[in-house]
$ cat input-v1.cif   # mmCIF, C-alpha atoms and all ligand atoms
data_my_file
#
loop_
_atom_site.label_atom_id
_atom_site.label_comp_id
_atom_site.auth_asym_id
_atom_site.auth_seq_id
_atom_site.Cartn_x
_atom_site.Cartn_y
_atom_site.Cartn_z
CA MET A 106 -16.84 -35.16 41.54
CA HIS A 107 -13.07 -35.00 41.92
CA PRO A 108 -11.10 -32.36 40.08
CA PRO A 109 -9.78 -34.72 37.34
CA GLU A 110 -13.34 -35.82 36.59
CA LYS A 111 -14.56 -32.23 36.62
CA TYR A 112 -11.76 -31.33 34.23
CA ALA A 113 -12.79 -34.13 31.83
CA SER A 114 -16.46 -33.08 32.13
CA ALA A 115 -15.53 -29.48 31.37
CA ILE A 116 -13.79 -30.58 28.16
CA LEU A 117 -16.83 -32.65 27.13
CA LEU A 118 -19.22 -29.79 27.88
CA ARG A 119 -17.05 -27.32 25.95
CA ASP A 120 -16.90 -29.65 22.95
CA SER A 121 -20.68 -29.96 22.99
CA GLY A 122 -20.93 -26.16 22.78
CA THR A 123 -21.77 -25.29 26.39
CA PRO A 124 -20.76 -21.71 27.32
CA LEU A 125 -17.99 -21.29 29.87
CA ALA A 126 -20.25 -19.70 32.51
CA GLU A 127 -22.70 -22.58 32.23
CA ILE A 128 -19.90 -25.15 32.60
CA ALA A 129 -18.71 -23.35 35.74
CA ARG A 130 -22.26 -23.36 37.17
CA GLN A 131 -22.89 -27.04 36.43
CA LEU A 132 -19.55 -28.19 37.82
CA GLU A 133 -19.58 -25.73 40.73
CA VAL A 134 -16.11 -24.50 39.85
CA PRO A 135 -15.07 -20.83 39.61
CA LYS A 136 -15.21 -19.47 36.06
CA GLY A 137 -11.53 -18.49 36.21
CA THR A 138 -10.60 -22.10 36.97
CA VAL A 139 -12.67 -23.41 34.06
CA ALA A 140 -11.08 -20.81 31.77
CA HIS A 141 -7.65 -21.95 32.92
CA TRP A 142 -8.52 -25.62 32.25
CA LEU A 143 -10.04 -24.97 28.85
CA TYR A 144 -8.02 -22.16 27.46
CA GLY A 145 -5.01 -21.69 29.73
CA VAL A 146 -2.54 -23.81 27.79
CA ARG A 147 -3.81 -22.56 24.46
CA ALA A 148 -3.75 -18.97 25.64
CA ARG A 149 -0.16 -19.35 26.81
CA GLN A 150 0.85 -20.96 23.51
CA MET A 151 -0.75 -18.14 21.56
CA ALA A 152 1.04 -15.52 23.67
CA ALA A 153 4.36 -17.30 23.14
CA ARG A 154 3.72 -17.45 19.40
CA ARG A 155 2.97 -13.71 19.34
CA ARG A 156 6.22 -12.98 21.21
CA SER A 157 8.32 -15.06 18.84
CA ALA A 158 6.66 -13.76 15.65
CA PRO A 159 8.90 -11.32 13.74
CA VAL A 160 7.81 -7.70 14.20
CA ARG A 161 6.80 -6.21 10.89
CA ARG A 162 9.34 -3.49 10.24
CA CYS A 163 9.05 -0.62 7.81
CA ALA A 164 11.84 1.27 6.01
CA GLY A 165 11.78 3.84 8.82
CA CYS A 166 12.24 1.53 11.81
CA SER A 167 14.83 -0.55 9.96
CA GLY A 168 16.54 2.43 8.26
CA ASP A 169 16.57 0.25 5.15
CA PRO A 170 14.75 1.52 2.02
CA ALA A 171 14.66 -2.08 0.78
CA HIS A 172 11.71 -2.47 3.17
CA LEU A 173 9.66 -0.06 1.07
CA ALA A 174 6.89 -1.84 -0.83
CA ASP A 175 6.99 0.84 -3.54
CA ALA A 176 9.91 3.30 -3.50
CA PRO A 177 8.67 5.63 -6.29
CA ALA A 178 5.29 5.91 -4.54
CA TYR A 179 7.14 6.72 -1.31
CA ALA A 180 9.23 9.40 -3.06
CA TYR A 181 6.02 10.97 -4.38
CA LEU A 182 4.30 10.81 -0.99
CA LEU A 183 7.38 12.31 0.72
CA GLY A 184 7.18 15.25 -1.69
CA GLN A 185 3.47 15.67 -0.91
CA TYR A 186 4.13 15.33 2.83
CA LEU A 187 6.92 17.94 2.87
CA GLY A 188 4.69 20.27 0.87
CA ASP A 189 1.26 19.92 2.45
CA GLY A 190 1.39 17.03 4.87
CA HIS A 191 0.88 16.76 8.57
CA LEU A 192 1.40 13.91 11.00
CA VAL A 193 -0.58 13.69 14.23
CA THR A 194 1.25 11.53 16.73
CA SER A 195 -0.79 12.37 19.82
CA ALA A 196 -3.62 10.00 18.88
CA ARG A 197 -3.46 6.34 19.94
CA VAL A 198 -2.70 5.42 16.33
CA PRO A 199 -0.80 8.13 14.42
CA VAL A 200 -2.60 9.68 11.46
CA LEU A 201 -0.99 11.01 8.31
CA ARG A 202 -2.86 13.78 6.52
CA VAL A 203 -2.04 15.38 3.19
CA TYR A 204 -4.15 18.37 2.26
CA CYS A 205 -5.11 18.59 -1.41
CA ALA A 206 -6.94 21.36 -3.27
CA LEU A 207 -10.41 20.47 -4.52
CA ASP A 208 -9.46 21.82 -7.95
CA TYR A 209 -7.22 18.85 -8.73
CA PRO A 210 -9.11 15.56 -8.36
CA ASP A 211 -6.36 13.60 -10.15
CA ILE A 212 -3.84 14.73 -7.53
CA ILE A 213 -6.19 13.72 -4.71
CA ASP A 214 -6.42 10.28 -6.29
CA GLU A 215 -2.68 9.98 -6.89
CA CYS A 216 -2.01 10.89 -3.27
CA ARG A 217 -4.54 8.33 -2.05
CA ARG A 218 -3.03 5.60 -4.23
CA ALA A 219 0.50 6.49 -3.09
CA MET A 220 -0.51 6.02 0.57
CA LEU A 221 -1.99 2.62 -0.24
CA ARG A 222 1.13 1.56 -2.13
CA VAL A 223 3.53 2.76 0.54
CA HIS A 224 1.90 1.40 3.64
CA ALA A 225 -1.78 2.14 4.33
CA ARG A 226 -4.43 -0.56 4.63
CA SER A 227 -7.11 2.04 4.07
CA VAL A 228 -7.17 5.70 3.15
CA SER A 229 -10.01 8.13 3.56
CA VAL A 230 -10.63 11.43 1.81
CA VAL A 231 -12.17 13.85 4.31
CA PRO A 232 -13.74 17.15 3.16
CA ARG A 233 -12.31 20.25 4.79
CA ARG A 234 -12.96 23.92 4.19
CA GLY A 235 -11.82 24.53 0.59
CA CYS A 236 -9.78 21.33 0.38
CA VAL A 237 -9.72 17.67 1.34
CA ALA A 238 -7.54 15.76 3.77
CA VAL A 239 -6.27 12.48 2.36
CA GLN A 240 -5.61 10.54 5.54
CA SER A 241 -4.58 7.19 6.89
CA TYR A 242 -3.82 5.66 10.28
CA SER A 243 -0.73 3.59 11.03
CA THR A 244 1.79 3.11 13.80
CA HIS A 245 4.54 3.27 11.15
CA TRP A 246 3.81 6.72 9.66
CA PRO A 247 6.07 8.45 12.24
CA CYS A 248 9.04 6.24 11.30
CA LEU A 249 8.27 6.67 7.57
CA PHE A 250 8.10 10.46 7.98
CA PRO A 251 10.57 11.28 10.78
CA GLN A 252 10.32 15.01 9.91
CA HIS A 253 7.22 15.27 12.10
CA GLY A 254 7.50 17.46 15.17
CA PRO A 255 5.74 20.19 17.10
CA GLY A 256 4.91 23.43 15.30
CA MET A 257 5.13 24.41 11.66
CA LYS A 258 7.69 22.83 9.33
CA HIS A 259 9.32 26.18 8.54
CA GLN A 260 9.94 26.81 12.24
CA ARG A 261 12.09 23.76 12.73
CA ARG A 262 14.94 22.04 11.00
CA ILE A 263 13.85 19.64 8.25
CA GLU A 264 16.44 17.07 7.23
CA LEU A 265 16.05 13.83 5.35
CA ALA A 266 17.16 10.64 7.08
CA ASP A 267 19.95 8.76 5.28
CA TRP A 268 17.55 6.12 3.95
CA GLN A 269 15.17 8.84 2.70
CA ARG A 270 18.08 10.59 0.98
CA GLY A 271 18.82 7.31 -0.79
CA VAL A 272 15.22 7.05 -2.02
CA VAL A 273 15.13 10.68 -3.21
CA ASP A 274 18.49 10.32 -4.99
CA THR A 275 17.22 7.21 -6.76
CA TRP A 276 13.74 8.57 -7.52
CA PRO A 277 14.06 12.36 -7.89
CA GLU A 278 11.30 12.55 -10.53
CA PRO A 279 8.37 11.26 -8.45
CA PHE A 280 9.75 13.20 -5.45
CA LEU A 281 9.68 16.47 -7.43
CA ARG A 282 6.25 15.56 -8.80
CA GLY A 283 4.95 15.23 -5.23
CA LEU A 284 6.57 18.51 -4.13
CA ILE A 285 5.19 20.43 -7.11
CA HIS A 286 1.75 18.82 -6.79
CA ALA A 287 1.67 20.08 -3.21
CA ASP A 288 3.31 23.48 -3.35
CA GLY A 289 4.14 24.22 -6.95
CA CYS A 290 2.55 25.28 -10.18
CA ARG A 291 3.17 25.52 -13.90
CA SER A 292 2.09 28.87 -15.23
CA LEU A 293 2.28 30.68 -18.53
CA ASN A 294 4.30 33.85 -18.58
CA THR A 295 3.16 36.38 -21.17
CA VAL A 296 5.65 38.78 -22.69
CA VAL A 297 4.76 41.43 -25.29
CA THR A 298 7.70 42.53 -27.45
CA ARG A 299 7.24 44.99 -30.34
CA GLY A 300 3.54 44.24 -30.56
CA LYS A 301 4.04 40.48 -30.52
CA THR A 302 2.80 38.34 -27.67
CA TYR A 303 4.96 35.46 -26.47
CA ARG A 304 3.90 32.91 -23.89
CA TYR A 305 6.24 30.56 -22.26
CA PRO A 306 5.67 28.20 -19.36
CA ARG A 307 7.51 28.31 -16.04
CA TYR A 308 7.44 26.23 -12.94
CA PHE A 309 7.33 27.64 -9.43
CA PHE A 310 7.78 25.98 -6.08
CA SER A 311 6.90 27.96 -2.96
CA ASN A 312 7.54 26.96 0.61
CA GLU A 313 8.23 28.83 3.84
CA SER A 314 10.86 26.31 4.94
CA VAL A 315 14.38 27.13 3.73
CA ASP A 316 15.26 23.47 4.33
CA ILE A 317 12.46 22.22 2.06
CA LEU A 318 13.43 24.76 -0.63
CA ARG A 319 17.02 23.48 -0.40
CA ILE A 320 15.88 19.84 -0.64
CA CYS A 321 13.77 20.75 -3.72
CA GLY A 322 16.76 22.54 -5.29
CA GLU A 323 18.99 19.51 -4.70
CA ALA A 324 16.46 17.22 -6.41
CA LEU A 325 16.28 19.63 -9.38
CA ASP A 326 20.09 19.56 -9.56
CA ARG A 327 19.89 15.78 -9.56
CA VAL A 328 17.72 15.73 -12.70
CA GLY A 329 19.83 18.45 -14.37
CA VAL A 330 17.21 21.20 -14.23
CA GLU A 331 18.43 24.77 -13.76
CA TRP A 332 16.56 26.81 -11.18
CA ARG A 333 16.85 30.03 -9.25
CA PHE A 334 15.20 31.85 -6.40
CA THR A 335 12.60 34.38 -7.48
CA ARG A 336 11.75 35.32 -3.91
CA ARG A 337 12.96 34.33 -0.47
CA ASN A 338 10.31 31.59 -0.31
CA CYS A 339 9.99 30.63 -3.96
CA LEU A 340 12.16 29.09 -6.64
CA SER A 341 11.46 28.88 -10.34
CA VAL A 342 12.43 26.92 -13.43
CA ALA A 343 12.19 29.09 -16.53
CA ARG A 344 14.70 27.81 -19.08
CA ARG A 345 13.12 25.93 -21.94
CA GLU A 346 15.09 22.69 -21.46
CA GLY A 347 14.36 22.64 -17.74
CA VAL A 348 10.65 23.22 -18.30
CA ALA A 349 10.59 20.47 -20.94
CA ARG A 350 12.32 18.11 -18.50
CA LEU A 351 9.74 18.86 -15.77
CA ASP A 352 6.93 18.55 -18.32
CA SER A 353 8.08 14.99 -18.96
CA PHE A 354 7.22 13.91 -15.42
CA VAL A 355 5.13 16.66 -13.80
CA GLY A 356 3.12 18.78 -16.26
CA ALA A 357 0.14 20.96 -15.48
CA LYS A 358 -1.93 20.01 -12.46
CA SER A 359 -5.32 18.41 -12.97
ZN ZN B 1 8.19 1.57 11.23
#
$ encode --input "input-v1.cif" --output "structure tokens"
Amino acid sequence: MHPPEKYASAILLRDSGTPLAEIARQLEVPKGTVAHWLYGVRARQMAARRRSAPVRRCAGCSGDPAHLADAPAYAYLLGQYLGDGHLVTSARVPVLRVYCALDYPDIIDECRRAMLRVHARSVSVVPRRGCVAVQSYSTHWPCLFPQHGPGMKHQRRIELADWQRGVVDTWPEPFLRGLIHADGCRSLNTVVTRGKTYRYPRYFFSNESVDILRICGEALDRVGVEWRFTRRNCLSVARREGVARLDSFVGAKS
């Protein structure tokens, strides 16, 4: 059989469902040659199509927040990430983890849903000692959270990228909600004056990073909430109007 006839026979055998190795054996042609005949052109076309297909870009790689599928969900997740998040970039596919206390199942669920809305195809909730890790794999997490780096967040400079600043300025409420869900609390302060007991709520936000405290303070300024430092690593909101404003979009944790 001459090569053109073998080529035609290979096509017929393939179309009748014969496996490639069997075609090669019957026609006494190397398997690589048969593969080239049967799939070479198609394989090259598919490779060319892959090369010309637009690369899916996220807000991070494009620097354009318009690429965010859900900007408020991103603002919330950024708050959670700056508070209690961690990005592992040494794995083949980077993994984003946000640690949530077991005491607040609603927060665990809100964090999981935010990841799905922002970017993740799937999110898992992994039990850890005394908490859970809400985690998801994606090659785009490092561009969506460019604050990742070696060591602890408070030991390095944390700055928002311009596009992140734009998101936080537009959506300060969900951003603060994420920060306070991660590292804040709403607690009742009890004061006894002349035998009368008064309770009034306050918000606290604690973080070891001066940069993250500053970013939190700027977001509070943005929504017109007065705040002050109570300690080096903690700021508080105690005035009634400020607490009421935070109650309207944060509230007690659950
Ligand atoms: Zn990206």
$ residues_around --input "input-v1.cif" --residues "Ile285 of chain A" --least-positions-apart "2" --cutoff "9 Å" --atoms "all atoms listed in the file" --output "MDAnalysis selection string"
chainID A and resid 184:185 188 280:283 287:291 308:311 355 358
$ residues_near_ligand --input "input-v1.cif" --ligand "ligand ZN 1 (chain B)" --cutoff "12 Å" --atoms "all atoms listed in the file" --output "PyMOL selection string"
chain A and resi 160-170+172-173+199+223-224+243-251
$ residues_around --input "input-v1.cif" --residues "Ile128 of chain A" --least-positions-apart "5" --cutoff "8 Å" --atoms "all atoms listed in the file" --output "list in words"
Ala115, Leu118, Arg119, Thr123 and Val139 of chain A
$ closest_residue --input "input-v1.cif" --among "A:Ala266, A:Ile213, A:Val273, A:Ala225" --to "Ser359 of chain A" --atoms "all atoms listed in the file"
A:Ile213
$ residues_near_point --input "input-v1.cif" --point "(11.0, 6.9, -3.7)" --cutoff "10 Å" --atoms "only C-alpha atoms" --output "ChimeraX atom specification"
/A:170,173,175-184,223,269-280
$ write_last_selection --input "input-v1.cif" --atoms "C-alpha atoms" --output "tab-separated table (two decimals), keeping the file's coordinate frame"
chain	number	residue	atom	x	y	z
A	170	PRO	CA	14.75	1.52	2.02
A	173	LEU	CA	9.66	-0.06	1.07
A	175	ASP	CA	6.99	0.84	-3.54
A	176	ALA	CA	9.91	3.30	-3.50
A	177	PRO	CA	8.67	5.63	-6.29
A	178	ALA	CA	5.29	5.91	-4.54
A	179	TYR	CA	7.14	6.72	-1.31
A	180	ALA	CA	9.23	9.40	-3.06
A	181	TYR	CA	6.02	10.97	-4.38
A	182	LEU	CA	4.30	10.81	-0.99
A	183	LEU	CA	7.38	12.31	0.72
A	184	GLY	CA	7.18	15.25	-1.69
A	223	VAL	CA	3.53	2.76	0.54
A	269	GLN	CA	15.17	8.84	2.70
A	270	ARG	CA	18.08	10.59	0.98
A	271	GLY	CA	18.82	7.31	-0.79
A	272	VAL	CA	15.22	7.05	-2.02
A	273	VAL	CA	15.13	10.68	-3.21
A	274	ASP	CA	18.49	10.32	-4.99
A	275	THR	CA	17.22	7.21	-6.76
A	276	TRP	CA	13.74	8.57	-7.52
A	277	PRO	CA	14.06	12.36	-7.89
A	278	GLU	CA	11.30	12.55	-10.53
A	279	PRO	CA	8.37	11.26	-8.45
A	280	PHE	CA	9.75	13.20	-5.45
$ atom_distance --input "input-v1.cif" --atom1 "atom CA of Asn294 of chain A" --atom2 "atom CA of Ala349 of chain A"
15.0 Å
$ atom_distance --input "input-v1.cif" --atom1 "atom CA of Ala171 of chain A" --atom2 "atom CA of Arg222 of chain A"
14.3 Å
$ atom_distance --input "input-v1.cif" --atom1 "atom CA of Glu264 of chain A" --atom2 "atom CA of Met220 of chain A"
21.3 Å
$ residues_near_point --input "input-v1.cif" --point "(12.5, 26.5, 6.4)" --cutoff "7 Å" --atoms "only C-alpha atoms" --output "CSV table (one decimal) with C-alpha atoms, in the frame of the given file"
chain,number,residue,atom,x,y,z
A,258,LYS,CA,7.7,22.8,9.3
A,259,HIS,CA,9.3,26.2,8.5
A,260,GLN,CA,9.9,26.8,12.2
A,261,ARG,CA,12.1,23.8,12.7
A,262,ARG,CA,14.9,22.0,11.0
A,313,GLU,CA,8.2,28.8,3.8
A,314,SER,CA,10.9,26.3,4.9
A,315,VAL,CA,14.4,27.1,3.7
A,316,ASP,CA,15.3,23.5,4.3
A,317,ILE,CA,12.5,22.2,2.1
$ residues_around --input "input-v1.cif" --residues "Ala343 of chain A" --least-positions-apart "4" --cutoff "9 Å" --atoms "only C-alpha atoms" --output "PyMOL selection string"
chain A and resi 305-309+331-333+347-348
$ write_last_selection --input "input-v1.cif" --atoms "C-alpha atoms" --output "PDB file, keeping the file's coordinate frame"
ATOM      1  CA  TYR A 305       6.240  30.560 -22.260  1.00  0.00           C
ATOM      2  CA  PRO A 306       5.670  28.200 -19.360  1.00  0.00           C
ATOM      3  CA  ARG A 307       7.510  28.310 -16.040  1.00  0.00           C
ATOM      4  CA  TYR A 308       7.440  26.230 -12.940  1.00  0.00           C
ATOM      5  CA  PHE A 309       7.330  27.640  -9.430  1.00  0.00           C
ATOM      6  CA  GLU A 331      18.430  24.770 -13.760  1.00  0.00           C
ATOM      7  CA  TRP A 332      16.560  26.810 -11.180  1.00  0.00           C
ATOM      8  CA  ARG A 333      16.850  30.030  -9.250  1.00  0.00           C
ATOM      9  CA  GLY A 347      14.360  22.640 -17.740  1.00  0.00           C
ATOM     10  CA  VAL A 348      10.650  23.220 -18.300  1.00  0.00           C
TER      11      VAL A 348
END
$ residues_around --input "input-v1.cif" --residues "Val230 of chain A" --least-positions-apart "2" --cutoff "8 Å" --atoms "all atoms listed in the file" --output "short mmCIF file (atom, residue, chain, number, x, y, z; two decimals) with C-alpha atoms, keeping the file's coordinate frame"
data_model
loop_
_atom_site.label_atom_id
_atom_site.label_comp_id
_atom_site.auth_asym_id
_atom_site.auth_seq_id
_atom_site.Cartn_x
_atom_site.Cartn_y
_atom_site.Cartn_z
CA ARG A 217 -4.54 8.33 -2.05
CA VAL A 228 -7.17 5.70 3.15
CA PRO A 232 -13.74 17.15 3.16
CA VAL A 237 -9.72 17.67 1.34
CA ALA A 238 -7.54 15.76 3.77
CA VAL A 239 -6.27 12.48 2.36
CA GLN A 240 -5.61 10.54 5.54
#
$ closest_residue --input "input-v1.cif" --among "A:Cys236, A:Cys339, A:Leu132, A:Leu143" --to "Cys321 of chain A" --atoms "all atoms listed in the file"
A:Cys339
$ closest_residue --input "input-v1.cif" --among "A:Val203, A:Lys111, A:Val328, A:Leu117" --to "Pro135 of chain A" --atoms "all atoms listed in the file"
A:Lys111
$ decode --input "input-v1.cif" --residues "segment 198-209 of chain A" --atoms "all heavy atoms" --output "short mmCIF file (atom, residue, chain, number, x, y, z; two decimals), in the first residue's frame"
data_model
loop_
_atom_site.label_atom_id
_atom_site.label_comp_id
_atom_site.auth_asym_id
_atom_site.auth_seq_id
_atom_site.Cartn_x
_atom_site.Cartn_y
_atom_site.Cartn_z
N VAL A 198 -1.18 26.24 41.82
CA VAL A 198 -2.28 27.20 41.68
C VAL A 198 -2.41 27.92 43.02
O VAL A 198 -2.55 27.27 44.05
CB VAL A 198 -3.60 26.47 41.32
CG1 VAL A 198 -4.73 27.49 41.19
CG2 VAL A 198 -3.44 25.68 40.04
N PRO A 199 -2.32 29.25 43.02
CA PRO A 199 -2.39 29.98 44.29
C PRO A 199 -3.70 29.72 45.03
O PRO A 199 -4.75 29.51 44.40
CB PRO A 199 -2.29 31.45 43.86
CG PRO A 199 -1.63 31.41 42.54
CD PRO A 199 -2.09 30.14 41.88
N VAL A 200 -3.61 29.72 46.36
CA VAL A 200 -4.81 29.49 47.17
C VAL A 200 -5.02 30.65 48.13
O VAL A 200 -4.08 31.11 48.79
CB VAL A 200 -4.75 28.12 47.91
CG1 VAL A 200 -3.50 27.99 48.76
CG2 VAL A 200 -5.98 27.91 48.76
N LEU A 201 -6.25 31.14 48.13
CA LEU A 201 -6.65 32.22 49.04
C LEU A 201 -7.36 31.59 50.23
O LEU A 201 -8.27 30.78 50.05
CB LEU A 201 -7.60 33.18 48.32
CG LEU A 201 -8.28 34.25 49.19
CD1 LEU A 201 -7.26 35.27 49.70
CD2 LEU A 201 -9.38 34.96 48.40
N ARG A 202 -6.91 31.95 51.43
CA ARG A 202 -7.58 31.45 52.64
C ARG A 202 -7.97 32.60 53.52
O ARG A 202 -7.18 33.51 53.74
CB ARG A 202 -6.63 30.55 53.46
CG ARG A 202 -6.30 29.25 52.80
CD ARG A 202 -5.74 28.22 53.78
NE ARG A 202 -5.44 27.00 53.05
CZ ARG A 202 -4.22 26.67 52.64
NH1 ARG A 202 -3.18 27.43 52.92
NH2 ARG A 202 -4.03 25.57 51.94
N VAL A 203 -9.21 32.56 54.00
CA VAL A 203 -9.65 33.53 55.01
C VAL A 203 -10.07 32.70 56.22
O VAL A 203 -10.87 31.77 56.10
CB VAL A 203 -10.81 34.40 54.50
CG1 VAL A 203 -11.35 35.27 55.63
CG2 VAL A 203 -10.37 35.27 53.34
N TYR A 204 -9.49 33.03 57.36
CA TYR A 204 -9.79 32.28 58.58
C TYR A 204 -10.96 32.93 59.29
O TYR A 204 -10.98 34.14 59.50
CB TYR A 204 -8.56 32.23 59.48
CG TYR A 204 -7.41 31.52 58.82
CD1 TYR A 204 -6.40 32.22 58.17
CD2 TYR A 204 -7.38 30.12 58.79
CE1 TYR A 204 -5.37 31.56 57.52
CE2 TYR A 204 -6.35 29.45 58.14
CZ TYR A 204 -5.35 30.18 57.51
OH TYR A 204 -4.35 29.51 56.86
N CYS A 205 -11.96 32.11 59.62
CA CYS A 205 -13.17 32.62 60.28
C CYS A 205 -13.40 31.84 61.57
O CYS A 205 -13.22 30.62 61.61
CB CYS A 205 -14.40 32.44 59.38
SG CYS A 205 -14.36 33.39 57.86
N ALA A 206 -13.85 32.56 62.61
CA ALA A 206 -14.14 31.91 63.88
C ALA A 206 -15.37 31.02 63.73
O ALA A 206 -16.31 31.36 63.02
CB ALA A 206 -14.38 32.97 64.95
N LEU A 207 -15.34 29.89 64.44
CA LEU A 207 -16.47 28.96 64.40
C LEU A 207 -17.73 29.56 65.00
O LEU A 207 -18.84 29.13 64.68
CB LEU A 207 -16.11 27.68 65.20
CG LEU A 207 -15.09 26.76 64.55
CD1 LEU A 207 -14.57 25.75 65.55
CD2 LEU A 207 -15.71 26.05 63.35
N ASP A 208 -17.56 30.58 65.85
CA ASP A 208 -18.70 31.16 66.56
C ASP A 208 -19.67 31.89 65.63
O ASP A 208 -20.78 32.21 66.03
CB ASP A 208 -18.22 32.20 67.60
CG ASP A 208 -17.27 31.58 68.59
OD1 ASP A 208 -17.30 30.34 68.73
OD2 ASP A 208 -16.49 32.33 69.21
N TYR A 209 -19.22 32.23 64.42
CA TYR A 209 -20.03 33.10 63.55
C TYR A 209 -20.31 32.43 62.21
O TYR A 209 -19.70 32.76 61.19
CB TYR A 209 -19.33 34.44 63.33
CG TYR A 209 -18.89 35.11 64.62
CD1 TYR A 209 -17.56 35.39 64.85
CD2 TYR A 209 -19.83 35.45 65.59
CE1 TYR A 209 -17.15 36.01 66.03
CE2 TYR A 209 -19.43 36.06 66.78
CZ TYR A 209 -18.10 36.34 67.00
OH TYR A 209 -17.71 36.94 68.15
#
